[in-house]
file my_file11.txt (compact mmCIF, C-alpha atoms)
# COMPACT_ATOMS: atom_id res chain seq x y z
CA MET A 29 14.24 12.81 -4.97
CA GLU A 30 13.39 16.33 -3.90
CA TYR A 31 9.75 17.18 -3.45
CA PRO A 32 8.52 20.67 -4.28
CA SER A 33 6.38 20.80 -1.15
CA LYS A 34 7.06 20.01 2.49
CA VAL A 35 3.60 18.63 3.26
CA LEU A 36 3.88 16.32 0.25
CA SER A 37 7.35 15.24 1.29
CA LYS A 38 6.17 14.58 4.86
CA ALA A 39 3.18 12.55 3.66
CA VAL A 40 5.36 10.46 1.33
CA GLU A 41 7.81 9.84 4.14
CA GLU A 42 5.10 8.66 6.54
CA ILE A 43 3.27 6.52 3.97
CA SER A 44 6.50 4.85 2.90
CA GLY A 45 7.07 3.87 6.53
CA LEU A 46 4.40 1.21 6.03
CA PRO A 47 5.67 -2.27 5.16
CA GLY A 48 5.84 -3.05 1.44
CA ILE A 49 5.31 0.56 0.35
CA GLY A 50 8.30 2.31 -1.19
CA LYS A 51 8.78 6.00 -1.94
CA LYS A 52 7.33 5.74 -5.45
CA SER A 53 4.18 3.94 -4.31
CA ALA A 54 3.84 6.38 -1.42
CA LEU A 55 3.98 9.33 -3.83
CA ARG A 56 1.41 7.62 -6.06
CA LEU A 57 -0.91 7.16 -3.06
CA ALA A 58 -0.42 10.77 -1.92
CA LEU A 59 -1.23 12.05 -5.44
CA HIS A 60 -4.28 9.79 -5.51
CA LEU A 61 -5.53 11.33 -2.25
CA LEU A 62 -4.93 14.83 -3.60
CA LYS A 63 -7.02 14.03 -6.67
CA GLN A 64 -9.93 12.70 -4.65
CA HIS A 65 -12.27 14.77 -2.56
CA GLU A 66 -10.57 16.05 0.59
CA SER A 67 -13.03 14.07 2.70
CA GLN A 68 -11.49 10.73 1.67
CA ALA A 69 -8.06 11.61 3.04
CA LEU A 70 -9.60 13.14 6.16
CA ALA A 71 -11.64 9.98 6.78
CA LEU A 72 -8.52 7.85 6.34
CA SER A 73 -6.57 10.14 8.67
CA GLN A 74 -9.33 9.96 11.27
CA ALA A 75 -9.69 6.16 10.99
CA LEU A 76 -5.96 5.67 11.55
CA LYS A 77 -6.01 7.95 14.58
CA GLU A 78 -9.00 6.17 16.07
CA LEU A 79 -7.46 2.80 15.28
CA VAL A 80 -4.50 3.32 17.58
CA THR A 81 -6.19 5.44 20.23
CA GLN A 82 -9.50 3.61 20.59
CA ILE A 83 -8.70 -0.04 19.87
CA LYS A 84 -9.62 -2.32 22.76
CA TYR A 85 -8.68 -5.89 23.53
CA CYS A 86 -10.95 -8.60 24.92
CA LYS A 87 -9.71 -9.32 28.44
CA GLU A 88 -10.36 -13.04 27.94
CA CYS A 89 -8.83 -13.91 24.55
CA HIS A 90 -6.81 -10.72 23.88
CA ASN A 91 -8.31 -10.37 20.42
CA PHE A 92 -9.44 -6.93 19.30
CA SER A 93 -12.89 -6.14 20.53
CA ASP A 94 -15.37 -3.33 20.95
CA TYR A 95 -16.39 -4.69 24.35
CA GLU A 96 -14.54 -5.72 27.48
CA VAL A 97 -15.26 -9.36 26.65
CA CYS A 98 -15.61 -10.14 22.94
CA GLU A 99 -18.63 -11.86 21.40
CA LEU A 100 -16.79 -15.17 20.97
CA CYS A 101 -15.68 -15.27 24.61
CA ALA A 102 -19.07 -14.14 25.90
CA SER A 103 -20.96 -16.74 23.87
CA GLU A 104 -22.62 -19.48 25.92
CA ARG A 105 -22.80 -21.73 22.88
CA ARG A 106 -19.06 -22.16 22.55
CA ASP A 107 -17.09 -24.91 24.23
CA SER A 108 -14.87 -23.41 26.93
CA SER A 109 -12.98 -26.67 27.38
CA GLN A 110 -11.19 -26.26 24.03
CA LEU A 111 -8.74 -23.40 23.74
CA CYS A 112 -7.21 -22.61 20.39
CA VAL A 113 -3.94 -20.66 20.52
CA VAL A 114 -3.44 -18.39 17.50
CA GLU A 115 -1.07 -15.68 16.47
CA ASP A 116 -3.37 -12.80 15.64
CA VAL A 117 -6.86 -11.64 14.69
CA ARG A 118 -6.45 -12.83 11.09
CA ASP A 119 -6.10 -16.40 12.27
CA VAL A 120 -9.23 -16.14 14.42
CA MET A 121 -11.12 -14.80 11.40
CA ALA A 122 -9.71 -17.51 9.12
CA ILE A 123 -10.67 -20.33 11.51
CA GLU A 124 -14.09 -18.79 12.17
CA ASN A 125 -14.64 -18.68 8.40
CA THR A 126 -14.23 -22.46 8.22
CA GLY A 127 -17.08 -22.94 10.72
CA LYS A 128 -15.30 -26.09 11.98
CA PHE A 129 -14.30 -24.93 15.45
CA LYS A 130 -16.69 -24.17 18.28
CA GLY A 131 -14.25 -23.68 21.14
CA LYS A 132 -12.60 -20.51 22.38
CA TYR A 133 -9.44 -18.67 21.36
CA LEU A 134 -6.40 -17.11 22.87
CA VAL A 135 -4.56 -14.58 20.72
CA LEU A 136 -0.82 -14.58 21.40
CA GLY A 137 -0.19 -11.35 19.53
CA GLY A 138 2.66 -12.75 17.46
CA LYS A 139 5.10 -15.63 17.43
CA ILE A 140 8.54 -16.12 18.90
CA SER A 141 10.96 -14.78 16.32
CA PRO A 142 14.53 -14.05 17.39
CA MET A 143 15.18 -12.58 13.91
CA GLU A 144 12.58 -9.88 14.52
CA GLY A 145 13.43 -9.51 18.19
CA VAL A 146 10.17 -11.03 19.43
CA GLY A 147 10.55 -13.17 22.54
CA PRO A 148 7.93 -14.84 24.77
CA GLY A 149 7.87 -11.66 26.87
CA GLN A 150 6.13 -9.73 24.10
CA LEU A 151 3.42 -12.37 23.69
CA ASN A 152 0.32 -13.04 25.81
CA VAL A 153 1.91 -16.11 27.41
CA GLY A 154 1.03 -15.01 30.94
CA ALA A 155 -2.62 -14.71 29.98
CA LEU A 156 -2.55 -18.21 28.48
CA GLU A 157 -1.01 -19.63 31.65
CA ALA A 158 -3.53 -17.85 33.86
CA LYS A 159 -6.35 -19.21 31.71
CA ILE A 160 -5.09 -22.78 32.08
CA ASN A 161 -4.50 -22.32 35.80
CA SER A 162 -8.07 -21.14 36.25
CA GLY A 163 -9.18 -24.64 35.13
CA GLY A 164 -11.91 -25.97 32.87
CA ILE A 165 -9.71 -26.40 29.82
CA ASN A 166 -9.22 -29.96 28.53
CA GLU A 167 -7.55 -29.35 25.22
CA LEU A 168 -5.06 -26.75 24.08
CA ILE A 169 -4.89 -26.53 20.29
CA PHE A 170 -1.89 -24.87 18.65
CA ALA A 171 -3.06 -23.25 15.42
CA LEU A 172 0.21 -21.58 14.53
CA SER A 173 2.04 -20.97 11.24
CA ALA A 174 3.76 -24.00 9.73
CA THR A 175 7.08 -22.18 9.93
CA MET A 176 10.18 -22.30 12.07
CA GLU A 177 8.79 -19.48 14.22
CA GLY A 178 5.39 -21.15 14.58
CA ASP A 179 7.02 -24.46 15.55
CA THR A 180 9.32 -22.74 18.04
CA THR A 181 6.39 -20.96 19.64
CA ALA A 182 4.38 -24.19 19.96
CA TYR A 183 7.41 -26.00 21.42
CA TYR A 184 8.06 -23.21 23.91
CA LEU A 185 4.44 -23.18 25.06
CA TYR A 186 4.34 -26.98 25.29
CA LYS A 187 7.48 -27.08 27.45
CA LYS A 188 6.11 -24.32 29.68
CA LEU A 189 2.63 -25.78 30.12
CA LYS A 190 3.10 -29.55 29.91
CA GLY A 191 2.83 -29.91 33.71
CA HIS A 192 -0.86 -29.05 33.51
CA SER A 193 -3.51 -31.67 32.98
CA VAL A 194 -4.46 -30.57 29.49
CA ARG A 195 -4.28 -32.43 26.20
CA PHE A 196 -2.06 -30.67 23.67
CA SER A 197 -2.86 -30.83 19.99
CA THR A 198 -1.83 -29.02 16.85
CA ILE A 199 -3.69 -28.44 13.60
CA ALA A 200 -2.99 -31.14 11.01
CA ARG A 201 -0.36 -30.57 8.38
CA GLY A 202 -0.38 -32.30 5.08
CA ILE A 203 -1.43 -31.94 1.51
CA SER A 204 -3.79 -29.03 0.88
CA VAL A 205 -7.08 -29.69 -0.87
CA GLY A 206 -6.44 -29.47 -4.62
CA ASP A 207 -2.71 -30.25 -4.35
CA GLU A 208 -1.15 -32.76 -6.70
CA LEU A 209 1.29 -35.09 -4.97
CA GLU A 210 4.11 -34.62 -7.46
CA TYR A 211 4.25 -30.89 -6.68
CA ALA A 212 3.90 -31.19 -2.89
CA ASP A 213 7.02 -30.45 -0.89
CA GLU A 214 8.60 -33.54 0.62
CA ILE A 215 8.25 -32.50 4.26
CA SER A 216 4.49 -31.94 3.95
CA LEU A 217 4.09 -35.16 1.97
CA GLY A 218 6.22 -37.06 4.49
CA ARG A 219 4.19 -35.78 7.42
CA SER A 220 0.91 -36.47 5.68
CA ILE A 221 1.82 -40.12 5.15
CA GLN A 222 3.16 -40.50 8.70
CA ASN A 223 0.05 -38.93 10.19
CA ARG A 224 -2.40 -40.70 7.91
CA VAL A 225 -6.01 -40.89 9.08
CA PRO A 226 -8.70 -43.56 8.66
CA TYR A 227 -10.45 -43.27 5.32
CA LYS A 228 -13.99 -41.89 5.45
CA GLU A 229 -16.49 -41.86 2.67
CA THR A 230 -17.20 -38.14 3.05
CA ASP A 231 -15.37 -35.36 4.81
CA MET B 104 -14.95 -11.07 6.53
CA GLU B 105 -16.27 -9.86 9.83
CA TYR B 106 -13.93 -7.88 12.01
CA PRO B 107 -14.15 -8.19 15.79
CA SER B 108 -13.76 -4.45 16.28
CA LYS B 109 -15.44 -1.46 14.66
CA VAL B 110 -12.37 0.78 14.73
CA LEU B 111 -10.34 -1.98 13.06
CA SER B 112 -13.06 -2.53 10.48
CA LYS B 113 -13.29 1.20 9.77
CA ALA B 114 -9.51 1.52 9.38
CA VAL B 115 -9.38 -1.48 7.02
CA GLU B 116 -12.21 -0.03 4.97
CA GLU B 117 -10.50 3.36 4.62
CA ILE B 118 -7.05 1.93 3.88
CA SER B 119 -8.45 -0.43 1.25
CA GLY B 120 -9.97 2.61 -0.48
CA LEU B 121 -6.44 3.41 -1.69
CA PRO B 122 -5.57 2.18 -5.18
CA GLY B 123 -3.84 -1.19 -5.33
CA ILE B 124 -4.57 -2.05 -1.68
CA GLY B 125 -7.10 -4.80 -1.06
CA LYS B 126 -8.82 -5.81 2.17
CA LYS B 127 -6.09 -8.28 3.15
CA SER B 128 -3.26 -5.82 2.62
CA ALA B 129 -5.24 -3.16 4.45
CA LEU B 130 -5.66 -5.46 7.45
CA ARG B 131 -1.95 -6.28 7.34
CA LEU B 132 -1.11 -2.55 7.37
CA ALA B 133 -3.57 -1.86 10.21
CA LEU B 134 -2.06 -4.68 12.29
CA HIS B 135 1.40 -3.34 11.53
CA LEU B 136 0.40 0.09 12.85
CA LEU B 137 -1.08 -1.49 15.98
CA LYS B 138 2.19 -3.32 16.65
CA GLN B 139 4.28 -0.17 16.29
CA HIS B 140 4.40 2.68 18.76
CA GLU B 141 1.19 4.70 18.66
CA SER B 142 3.16 7.76 17.53
CA GLN B 143 3.83 6.25 14.09
CA ALA B 144 0.15 5.94 13.23
CA LEU B 145 -0.58 9.37 14.69
CA ALA B 146 2.20 10.92 12.60
CA LEU B 147 0.82 9.21 9.48
CA SER B 148 -2.69 10.36 10.33
CA GLN B 149 -1.48 13.92 10.83
CA ALA B 150 0.61 13.94 7.65
CA LEU B 151 -2.39 12.81 5.58
CA LYS B 152 -4.59 15.47 7.12
CA GLU B 153 -2.03 18.19 6.48
CA LEU B 154 -1.46 16.89 2.97
CA VAL B 155 -4.98 17.62 1.85
CA THR B 156 -5.66 20.69 3.98
CA GLN B 157 -2.36 22.52 3.63
CA ILE B 158 -1.10 21.65 0.16
CA LYS B 159 -0.56 24.71 -2.03
CA TYR B 160 -0.07 25.06 -5.74
CA CYS B 161 2.34 27.40 -7.51
CA LYS B 162 0.20 30.00 -9.26
CA GLU B 163 2.56 29.97 -12.25
CA CYS B 164 3.12 26.30 -13.07
CA HIS B 165 0.40 24.68 -10.91
CA ASN B 166 2.89 22.28 -9.41
CA PHE B 167 2.74 21.68 -5.65
CA SER B 168 4.67 24.29 -3.76
CA ASP B 169 5.23 25.69 -0.30
CA TYR B 170 5.22 29.20 -1.69
CA GLU B 171 2.88 31.21 -3.89
CA VAL B 172 5.39 30.89 -6.73
CA CYS B 173 7.56 27.76 -6.67
CA GLU B 174 11.34 27.80 -6.76
CA LEU B 175 11.52 26.70 -10.39
CA CYS B 176 9.15 29.44 -11.54
CA ALA B 177 10.81 32.06 -9.38
CA SER B 178 14.31 31.19 -10.60
CA GLU B 179 15.98 33.87 -12.74
CA ARG B 180 18.35 31.30 -14.18
CA ARG B 181 15.71 29.34 -16.02
CA ASP B 182 14.64 30.06 -19.59
CA SER B 183 11.08 31.41 -19.58
CA SER B 184 10.82 31.06 -23.36
CA GLN B 185 10.64 27.26 -23.14
CA LEU B 186 7.53 25.83 -21.51
CA CYS B 187 7.36 22.11 -20.84
CA VAL B 188 3.85 20.71 -20.44
CA VAL B 189 3.72 17.72 -18.08
CA GLU B 190 1.07 15.63 -16.44
CA ASP B 191 1.98 15.86 -12.78
CA VAL B 192 4.64 16.53 -10.17
CA ARG B 193 6.33 13.16 -10.77
CA ASP B 194 7.13 14.17 -14.33
CA VAL B 195 8.62 17.49 -13.20
CA MET B 196 10.79 15.59 -10.72
CA ALA B 197 11.81 13.02 -13.34
CA ILE B 198 12.81 15.67 -15.89
CA GLU B 199 14.60 17.74 -13.23
CA ASN B 200 16.55 14.63 -12.27
CA THR B 201 17.97 14.40 -15.80
CA GLY B 202 19.42 17.93 -15.50
CA LYS B 203 18.84 18.36 -19.26
CA PHE B 204 16.10 20.97 -19.24
CA LYS B 205 16.47 24.53 -18.05
CA GLY B 206 13.13 25.98 -19.10
CA LYS B 207 9.91 26.25 -17.15
CA TYR B 208 7.02 23.86 -16.59
CA LEU B 209 3.28 23.80 -16.67
CA VAL B 210 1.60 20.99 -14.75
CA LEU B 211 -1.67 19.91 -16.39
CA GLY B 212 -2.78 17.85 -13.42
CA GLY B 213 -3.59 14.77 -15.49
CA LYS B 214 -4.27 13.76 -19.05
CA ILE B 215 -7.42 13.54 -21.14
CA SER B 216 -8.86 10.11 -20.46
CA PRO B 217 -12.48 9.44 -21.43
CA MET B 218 -12.18 6.02 -19.80
CA GLU B 219 -11.53 7.63 -16.41
CA GLY B 220 -13.91 10.51 -17.06
CA VAL B 221 -11.15 13.11 -17.29
CA GLY B 222 -11.81 15.80 -19.89
CA PRO B 223 -9.93 19.02 -20.72
CA GLY B 224 -12.13 20.83 -18.20
CA GLN B 225 -10.44 19.05 -15.28
CA LEU B 226 -6.94 20.00 -16.49
CA ASN B 227 -5.07 23.29 -16.22
CA VAL B 228 -5.66 24.10 -19.88
CA GLY B 229 -6.92 27.59 -19.13
CA ALA B 230 -3.74 28.37 -17.22
CA LEU B 231 -1.64 27.12 -20.14
CA GLU B 232 -3.56 29.29 -22.59
CA ALA B 233 -3.26 32.34 -20.33
CA LYS B 234 0.48 31.75 -20.07
CA ILE B 235 0.88 31.63 -23.84
CA ASN B 236 -1.34 34.66 -24.29
CA SER B 237 0.80 36.62 -21.86
CA GLY B 238 3.68 36.20 -24.34
CA GLY B 239 7.39 35.48 -24.06
CA ILE B 240 7.09 31.78 -24.86
CA ASN B 241 8.78 30.54 -28.02
CA GLU B 242 8.56 26.81 -27.59
CA LEU B 243 5.93 24.59 -26.07
CA ILE B 244 7.27 21.13 -25.30
CA PHE B 245 4.84 18.26 -24.74
CA ALA B 246 6.41 15.85 -22.25
CA LEU B 247 3.43 13.52 -21.93
CA SER B 248 3.10 9.76 -21.57
CA ALA B 249 3.67 7.74 -24.73
CA THR B 250 0.15 6.37 -24.47
CA MET B 251 -3.15 6.90 -26.21
CA GLU B 252 -4.18 9.34 -23.46
CA GLY B 253 -0.89 11.25 -23.63
CA ASP B 254 -1.15 11.49 -27.43
CA THR B 255 -4.77 12.61 -27.25
CA THR B 256 -3.89 15.31 -24.73
CA ALA B 257 -1.01 16.61 -26.88
CA TYR B 258 -3.22 16.60 -29.96
CA TYR B 259 -6.01 18.44 -28.14
CA LEU B 260 -3.62 21.11 -26.86
CA TYR B 261 -1.98 21.48 -30.27
CA LYS B 262 -5.34 22.00 -31.99
CA LYS B 263 -6.38 24.52 -29.35
CA LEU B 264 -3.15 26.51 -29.33
CA LYS B 265 -1.77 26.25 -32.87
CA GLY B 266 -2.98 29.77 -33.74
CA HIS B 267 -0.35 31.22 -31.41
CA SER B 268 3.15 32.00 -32.60
CA VAL B 269 4.88 29.26 -30.62
CA ARG B 270 6.90 26.33 -31.82
CA PHE B 271 5.43 23.01 -30.69
CA SER B 272 7.66 20.08 -29.93
CA THR B 273 7.35 16.77 -28.18
CA ILE B 274 9.94 14.69 -26.36
CA ALA B 275 11.65 12.14 -28.62
CA ARG B 276 10.39 8.59 -28.72
CA GLY B 277 12.58 5.74 -29.73
CA ILE B 278 14.75 3.00 -28.39
CA SER B 279 15.63 3.38 -24.70
CA VAL B 280 19.26 3.36 -23.66
CA GLY B 281 20.26 -0.27 -23.12
CA ASP B 282 17.54 -1.69 -25.37
CA GLU B 283 18.38 -4.37 -27.90
CA LEU B 284 16.71 -3.83 -31.27
CA GLU B 285 15.35 -7.34 -31.58
CA TYR B 286 13.30 -6.90 -28.43
CA ALA B 287 12.05 -3.36 -29.16
CA ASP B 288 8.40 -3.02 -30.11
CA GLU B 289 7.86 -2.25 -33.77
CA ILE B 290 6.15 1.11 -33.28
CA SER B 291 9.01 2.49 -31.21
CA LEU B 292 11.58 1.07 -33.61
CA GLY B 293 9.64 2.43 -36.61
CA ARG B 294 9.47 5.90 -35.10
CA SER B 295 13.09 5.86 -34.09
CA ILE B 296 14.20 5.14 -37.68
CA GLN B 297 11.80 7.69 -39.12
CA ASN B 298 12.94 10.37 -36.71
CA ARG B 299 16.63 9.51 -36.93
CA VAL B 300 19.07 12.21 -35.81
CA PRO B 301 22.55 13.16 -37.05
CA TYR B 302 25.24 10.97 -35.53
CA LYS B 303 27.38 12.61 -32.87
CA GLU B 304 30.55 11.24 -31.38
CA THR B 305 29.33 11.75 -27.82
CA ASP B 306 25.94 12.42 -26.42
call {"tool": "encode", "arguments": {"input": "my_file11.txt", "output": "structure tokens"}}
result
Amino acid sequence: MEYPSKVLSKAVEEISGLPGIGKKSALRLALHLLKQHESQALALSQALKELVTQIKYCKECHNFSDYEVCELCASERRDSSQLCVVEDVRDVMAIENTGKFKGKYLVLGGKISPMEGVGPGQLNVGALEAKINSGGINELIFALSATMEGDTTAYYLYKKLKGHSVRFSTIARGISVGDELEYADEISLGRSIQNRVPYKETD
Amino acid sequence: MEYPSKVLSKAVEEISGLPGIGKKSALRLALHLLKQHESQALALSQALKELVTQIKYCKECHNFSDYEVCELCASERRDSSQLCVVEDVRDVMAIENTGKFKGKYLVLGGKISPMEGVGPGQLNVGALEAKINSGGINELIFALSATMEGDTTAYYLYKKLKGHSVRFSTIARGISVGDELEYADEISLGRSIQNRVPYKETD
């Protein structure tokens, strides 16, 4: 496709560099921006610039933060003896939304994925080790994706850190709420029967 | 959802202002940009800014252009007596890709759509009228969407311009190449039998 304008062509090229957005969608988005008031595109442009130039990371948990130490890490009301290892900010937000965890987090920044060229070196493994070495942590909770990459990452971290006097745990896997057994995959169903828990009247 | 960082939250908000992109996709895109080299996001930011501040329109056809008069309008080899009325730049590109039209274009910049609050006033109707008034045009071809809005727009333009000595035509509607009759919708099939054309050995 040949575009009649260089600025349009450049914008389409850059937008289509985003994951999941092809040339046609990129052109549709560019035309949308041209139809709106100029200020919308300028605000988007500015927000993207500020995103990559001004983003800061909490020096404790390595999550994004506006402060040197994020609110979760600074909070006195959270249990510093439980450290939950997650992949990225979305996982922190998802777990926080449940309201069921009152410990602290460590954001790895990804998972080990040889297919995508991500090794332990690109993750915040050193920070995790330093945190455990500094003491005070009783339980390390792996809250990683239930995928090959997530499992590999948990296994790698376990092997690396098992010499320390911490209890290792991982979030439970099993049948999701609302699932019907006949449609559950056999690995999840198998694990959920192996790792069955005492019945409680309410949960 | 509460984001741990204002710049992240601002970026997600602006990205999710684009059509078809929700908060979750916007966050995914923002995280993608943060994982890439800073230069990618800065290039995108710059391209969006330039898009809305530097885009120019051809004064003849109102398509986007890098010059005052676009290449299609400036070309001596194209037939100025045929004027094809289209909705936007994508339609010009689509028709140019077929290689079957050698006339000139006029880009309306949209179609009449009361649902979206677009009336004739927002379209380049004045420019179309001026072009016809200036003479030299024998045929006005409506190449608009085969939708209610496209039909309304064509009808509006026809009513407005029918006093001029131009021939009005509209692109053929019928069965697409590759379609099987039994699966064609009845309106398209009905029109295609009504507007049947002489059989030719090759097309």
call {"tool": "closest_atom_pairs", "arguments": {"input": "my_file11.txt", "of": "chain B", "to": "chain A", "cutoff": "7 Å", "atoms": "only C-alpha atoms", "output": "Markdown table"}}
result
| residue | atom | partner | partner_atom | distance |
| --- | --- | --- | --- | --- |
| B:Pro107 | CA | A:Ser93 | CA | 5.3 |
| B:Ser108 | CA | A:Ser93 | CA | 4.7 |
| B:Lys109 | CA | A:Asp94 | CA | 6.6 |
| B:Val110 | CA | A:Leu79 | CA | 5.3 |
| B:Leu111 | CA | A:Leu79 | CA | 6.0 |
| B:Lys113 | CA | A:Ala75 | CA | 6.2 |
| B:Ala114 | CA | A:Ala75 | CA | 4.9 |
| B:Glu117 | CA | A:Leu72 | CA | 5.2 |
| B:Ile118 | CA | A:Leu72 | CA | 6.6 |
| B:Leu121 | CA | A:Leu57 | CA | 6.8 |
| B:Leu132 | CA | A:Leu46 | CA | 6.8 |
| B:Leu137 | CA | A:Val80 | CA | 6.1 |
| B:Glu141 | CA | A:Val80 | CA | 6.0 |
| B:Ala144 | CA | A:Leu76 | CA | 6.3 |
| B:Leu145 | CA | A:Lys77 | CA | 5.6 |
| B:Leu147 | CA | A:Glu42 | CA | 5.2 |
| B:Ser148 | CA | A:Ser73 | CA | 4.2 |
| B:Gln149 | CA | A:Ser73 | CA | 6.7 |
| B:Ala150 | CA | A:Ala39 | CA | 4.9 |
| B:Leu151 | CA | A:Ser73 | CA | 5.8 |
| B:Lys152 | CA | A:Leu70 | CA | 5.6 |
| B:Glu153 | CA | A:Val35 | CA | 6.5 |
| B:Leu154 | CA | A:Val35 | CA | 5.4 |
| B:Val155 | CA | A:Glu66 | CA | 5.9 |
| B:Ile158 | CA | A:Val35 | CA | 6.4 |
| B:Phe167 | CA | A:Ser33 | CA | 5.9 |
| B:Ser168 | CA | A:Ser33 | CA | 4.7 |
| B:Asp169 | CA | A:Ser33 | CA | 5.1 |
call {"tool": "write_last_selection", "arguments": {"input": "my_file11.txt", "atoms": "C-alpha atoms", "output": "mmCIF file, in the coordinates of the input"}}
result
data_model
loop_
_atom_site.group_PDB
_atom_site.id
_atom_site.type_symbol
_atom_site.label_atom_id
_atom_site.label_comp_id
_atom_site.auth_asym_id
_atom_site.auth_seq_id
_atom_site.Cartn_x
_atom_site.Cartn_y
_atom_site.Cartn_z
ATOM 1 C CA PRO B 107 -14.150 -8.190 15.790
ATOM 2 C CA SER B 108 -13.760 -4.450 16.280
ATOM 3 C CA LYS B 109 -15.440 -1.460 14.660
ATOM 4 C CA VAL B 110 -12.370 0.780 14.730
ATOM 5 C CA LEU B 111 -10.340 -1.980 13.060
ATOM 6 C CA LYS B 113 -13.290 1.200 9.770
ATOM 7 C CA ALA B 114 -9.510 1.520 9.380
ATOM 8 C CA GLU B 117 -10.500 3.360 4.620
ATOM 9 C CA ILE B 118 -7.050 1.930 3.880
ATOM 10 C CA LEU B 121 -6.440 3.410 -1.690
ATOM 11 C CA LEU B 132 -1.110 -2.550 7.370
ATOM 12 C CA LEU B 137 -1.080 -1.490 15.980
ATOM 13 C CA GLU B 141 1.190 4.700 18.660
ATOM 14 C CA ALA B 144 0.150 5.940 13.230
ATOM 15 C CA LEU B 145 -0.580 9.370 14.690
ATOM 16 C CA LEU B 147 0.820 9.210 9.480
ATOM 17 C CA SER B 148 -2.690 10.360 10.330
ATOM 18 C CA GLN B 149 -1.480 13.920 10.830
ATOM 19 C CA ALA B 150 0.610 13.940 7.650
ATOM 20 C CA LEU B 151 -2.390 12.810 5.580
ATOM 21 C CA LYS B 152 -4.590 15.470 7.120
ATOM 22 C CA GLU B 153 -2.030 18.190 6.480
ATOM 23 C CA LEU B 154 -1.460 16.890 2.970
ATOM 24 C CA VAL B 155 -4.980 17.620 1.850
ATOM 25 C CA ILE B 158 -1.100 21.650 0.160
ATOM 26 C CA PHE B 167 2.740 21.680 -5.650
ATOM 27 C CA SER B 168 4.670 24.290 -3.760
ATOM 28 C CA ASP B 169 5.230 25.690 -0.300
#
call {"tool": "closest_atom_pairs", "arguments": {"input": "my_file11.txt", "of": "segment 137-217 of chain B", "to": "segment 268-286 of chain B", "cutoff": "12 Å", "atoms": "only C-alpha atoms", "output": "JSON lines"}}
result
{"residue": "B:Ser184", "atom": "CA", "partner": "B:Val269", "partner_atom": "CA", "distance": 9.6}
{"residue": "B:Gln185", "atom": "CA", "partner": "B:Arg270", "partner_atom": "CA", "distance": 9.5}
{"residue": "B:Leu186", "atom": "CA", "partner": "B:Phe271", "partner_atom": "CA", "distance": 9.8}
{"residue": "B:Cys187", "atom": "CA", "partner": "B:Thr273", "partner_atom": "CA", "distance": 9.1}
{"residue": "B:Val188", "atom": "CA", "partner": "B:Thr273", "partner_atom": "CA", "distance": 9.4}
{"residue": "B:Val189", "atom": "CA", "partner": "B:Thr273", "partner_atom": "CA", "distance": 10.8}
{"residue": "B:Ile198", "atom": "CA", "partner": "B:Ile274", "partner_atom": "CA", "distance": 10.9}
{"residue": "B:Lys203", "atom": "CA", "partner": "B:Ile274", "partner_atom": "CA", "distance": 12.0}
{"residue": "B:Phe204", "atom": "CA", "partner": "B:Ile274", "partner_atom": "CA", "distance": 11.3}
call {"tool": "residues_near_point", "arguments": {"input": "my_file11.txt", "point": "(6.9, -20.9, 16.9)", "cutoff": "12 Å", "atoms": "all atoms listed in the file", "output": "ChimeraX atom specification"}}
result
/A:113-115,136,138-142,146-148,151,170-186,198
call {"tool": "atom_distance", "arguments": {"input": "my_file11.txt", "atom1": "atom CA of Val228 of chain B", "atom2": "atom CA of Lys207 of chain B"}}
result
16.0 Å
call {"tool": "atom_distance", "arguments": {"input": "my_file11.txt", "atom1": "atom CA of Ala177 of chain B", "atom2": "atom CA of Lys205 of chain B"}}
result
12.8 Å
call {"tool": "atom_distance", "arguments": {"input": "my_file11.txt", "atom1": "atom CA of Asp182 of chain B", "atom2": "atom CA of Gly206 of chain B"}}
result
4.4 Å
call {"tool": "residues_near_point", "arguments": {"input": "my_file11.txt", "point": "(-12.2, -11.6, 27.7)", "cutoff": "6 Å", "atoms": "only C-alpha atoms", "output": "list in words"}}
result
Cys86, Lys87, Glu88, Cys89, Val97 and Cys101 of chain A
call {"tool": "write_last_selection", "arguments": {"input": "my_file11.txt", "atoms": "C-alpha atoms", "output": "PDB file, in the frame of the given file"}}
result
ATOM      1  CA  CYS A  86     -10.950  -8.600  24.920  1.00  0.00           C
ATOM      2  CA  LYS A  87      -9.710  -9.320  28.440  1.00  0.00           C
ATOM      3  CA  GLU A  88     -10.360 -13.040  27.940  1.00  0.00           C
ATOM      4  CA  CYS A  89      -8.830 -13.910  24.550  1.00  0.00           C
ATOM      5  CA  VAL A  97     -15.260  -9.360  26.650  1.00  0.00           C
ATOM      6  CA  CYS A 101     -15.680 -15.270  24.610  1.00  0.00           C
TER       7      CYS A 101
END
